[in-house]
Amino acid sequence: MASYILKRLISAIPVLLGITVIVFLIMAMIPGDPATAILGAYATPENVEKLNRDLGLDAPLVQRYFIWLGNMLTGDFGRSYSLNRPVLDEITERFSATLILAGVSFVLCSLVGILAGVVSAARQYGFADKAITFTVLIGISVPSFFLGMMMILLFAVRLKWLPVSGMYAIYGGGDLWDLLKHLVMPALALSAVATGVIARLARSAMLEVLRQDYIRTARAKGVPERRVVMGHALRAAMVSIIPVLGIQAGFVLSGSVFIEIVFQWPGVGRMLVDAILKRDLLLVQGGVVFVAACYVMFNIMVDVAQSMLDPRIKT
């Protein structure tokens, strides 16, 4: 297992390097001059030239990339132009909010999706199967940001059950209950599509396992149906379900950008959008690389969990 984990960590290095190259080139190709955007009304030719020289933006593209990469490898992500603070400090501060939103959404879609898939497969062609399939199709078809806006209109504007936006109340609050009230709608909106995808694939995996000979043998021996489904079939089906969870984790993490904008959630997604609008190159590059690194590490954890369920994967 240790050698397998080491191999996966080593294989992640070229992936992360490729991400840094892509992010750097995309930001370099964006039209406009960062120095002009930073200076605003003070963007005279002399000031722009001086700022470009101070920020190192007048250096060749390849040289700028290796300087930025070398600084990141030492833990220096640079300094945000627009916020005038270290990029890494801003990212870690914002990432805690994104981690809460994406983490709750991922746990929610995983539990509900797997449970829905198991129930749907165990009651194939029954009322529960048809109801779950219909609900799943609706959940997959509706974009998360549209669902979020509809939830705001219903639960916040019309019924006034939940707060409209933010992570905590502006006046008062600040406790766990306040956080949970603000978290309900964005977490549900963000997890809706992923829940549907997981439920469909979990149903397919369960149906395939339930048709196996050893399942029929267990039933013939009089093993209770609940134990057959939850103890035997689900364990075998998880080998196929776990990779889907890894993919949906990336979807939830990337989809949080839209949800954070809709609900004004103070996370990394909202930070990246603001940084792009302000042409804050170092903040955008650092934020994307940090989130990508977290996603790569999570996929390694998923692969390790899958190999623990099926040792043949390590070979």
# chains A, B, ... in the order shown; residues from 1 in each chain; ligands from 1
$ residues_around --residues "Phe263 in chain A" --least-positions-apart "3" --cutoff "10 Å" --atoms "only C-alpha atoms" --output "count of residues only"
18
$ residues_around --residues "Met238 in chain A" --least-positions-apart "2" --cutoff "10 Å" --atoms "only C-alpha atoms" --output "ChimeraX atom specification"
/A:114,202,205-206,233-236,240-245,305-306,309-310
$ atom_distance --atom1 "CA of Asn52 in chain A" --atom2 "CA of Arg79 in chain A"
14.4 Å
$ residues_around --residues "Leu188 in chain A" --least-positions-apart "5" --cutoff "10 Å" --atoms "only C-alpha atoms" --output "JSON, numbers by chain"
{"A": [101, 104, 105, 108, 109, 144, 147, 148, 151, 183, 193, 195]}
$ write_last_selection --atoms "N, CA and C atoms" --output "short mmCIF file (atom, residue, chain, number, x, y, z; two decimals), in the first residue's frame"
data_model
loop_
_atom_site.label_atom_id
_atom_site.label_comp_id
_atom_site.auth_asym_id
_atom_site.auth_seq_id
_atom_site.Cartn_x
_atom_site.Cartn_y
_atom_site.Cartn_z
N LEU A 101 -18.61 24.79 2.48
CA LEU A 101 -19.69 24.65 1.51
C LEU A 101 -19.52 23.40 0.66
N VAL A 104 -19.73 20.01 2.89
CA VAL A 104 -21.10 19.64 3.26
C VAL A 104 -21.88 19.16 2.04
N SER A 105 -21.70 19.85 0.92
CA SER A 105 -22.39 19.45 -0.31
C SER A 105 -21.95 18.08 -0.78
N LEU A 108 -23.35 15.42 1.51
CA LEU A 108 -24.79 15.31 1.28
C LEU A 108 -25.09 14.55 -0.01
N CYS A 109 -24.41 14.91 -1.10
CA CYS A 109 -24.68 14.23 -2.37
C CYS A 109 -24.21 12.78 -2.35
N SER A 144 -27.34 24.26 -11.29
CA SER A 144 -27.28 24.55 -9.85
C SER A 144 -27.51 26.02 -9.56
N LEU A 147 -31.23 26.71 -9.84
CA LEU A 147 -31.91 26.15 -8.68
C LEU A 147 -31.68 27.03 -7.45
N GLY A 148 -30.46 27.54 -7.31
CA GLY A 148 -30.16 28.43 -6.19
C GLY A 148 -31.00 29.69 -6.21
N MET A 151 -34.53 28.88 -5.22
CA MET A 151 -34.62 28.65 -3.78
C MET A 151 -34.61 29.97 -3.01
N LEU A 183 -26.18 28.04 5.29
CA LEU A 183 -25.57 26.97 4.50
C LEU A 183 -26.60 26.10 3.79
N VAL A 193 -27.14 18.34 -8.62
CA VAL A 193 -26.73 17.64 -9.83
C VAL A 193 -25.86 16.44 -9.48
N THR A 195 -25.82 14.71 -6.78
CA THR A 195 -26.64 13.67 -6.18
C THR A 195 -27.31 12.81 -7.24
#
$ closest_residue --among "A:Phe127, A:Phe134, A:Trp68, A:Phe290" --to "Ala199 in chain A" --atoms "only C-alpha atoms"
A:Phe134
$ closest_residue --among "A:Thr20, A:Ser110, A:Val262, A:Ile170" --to "Leu73 in chain A" --atoms "only C-alpha atoms"
A:Thr20
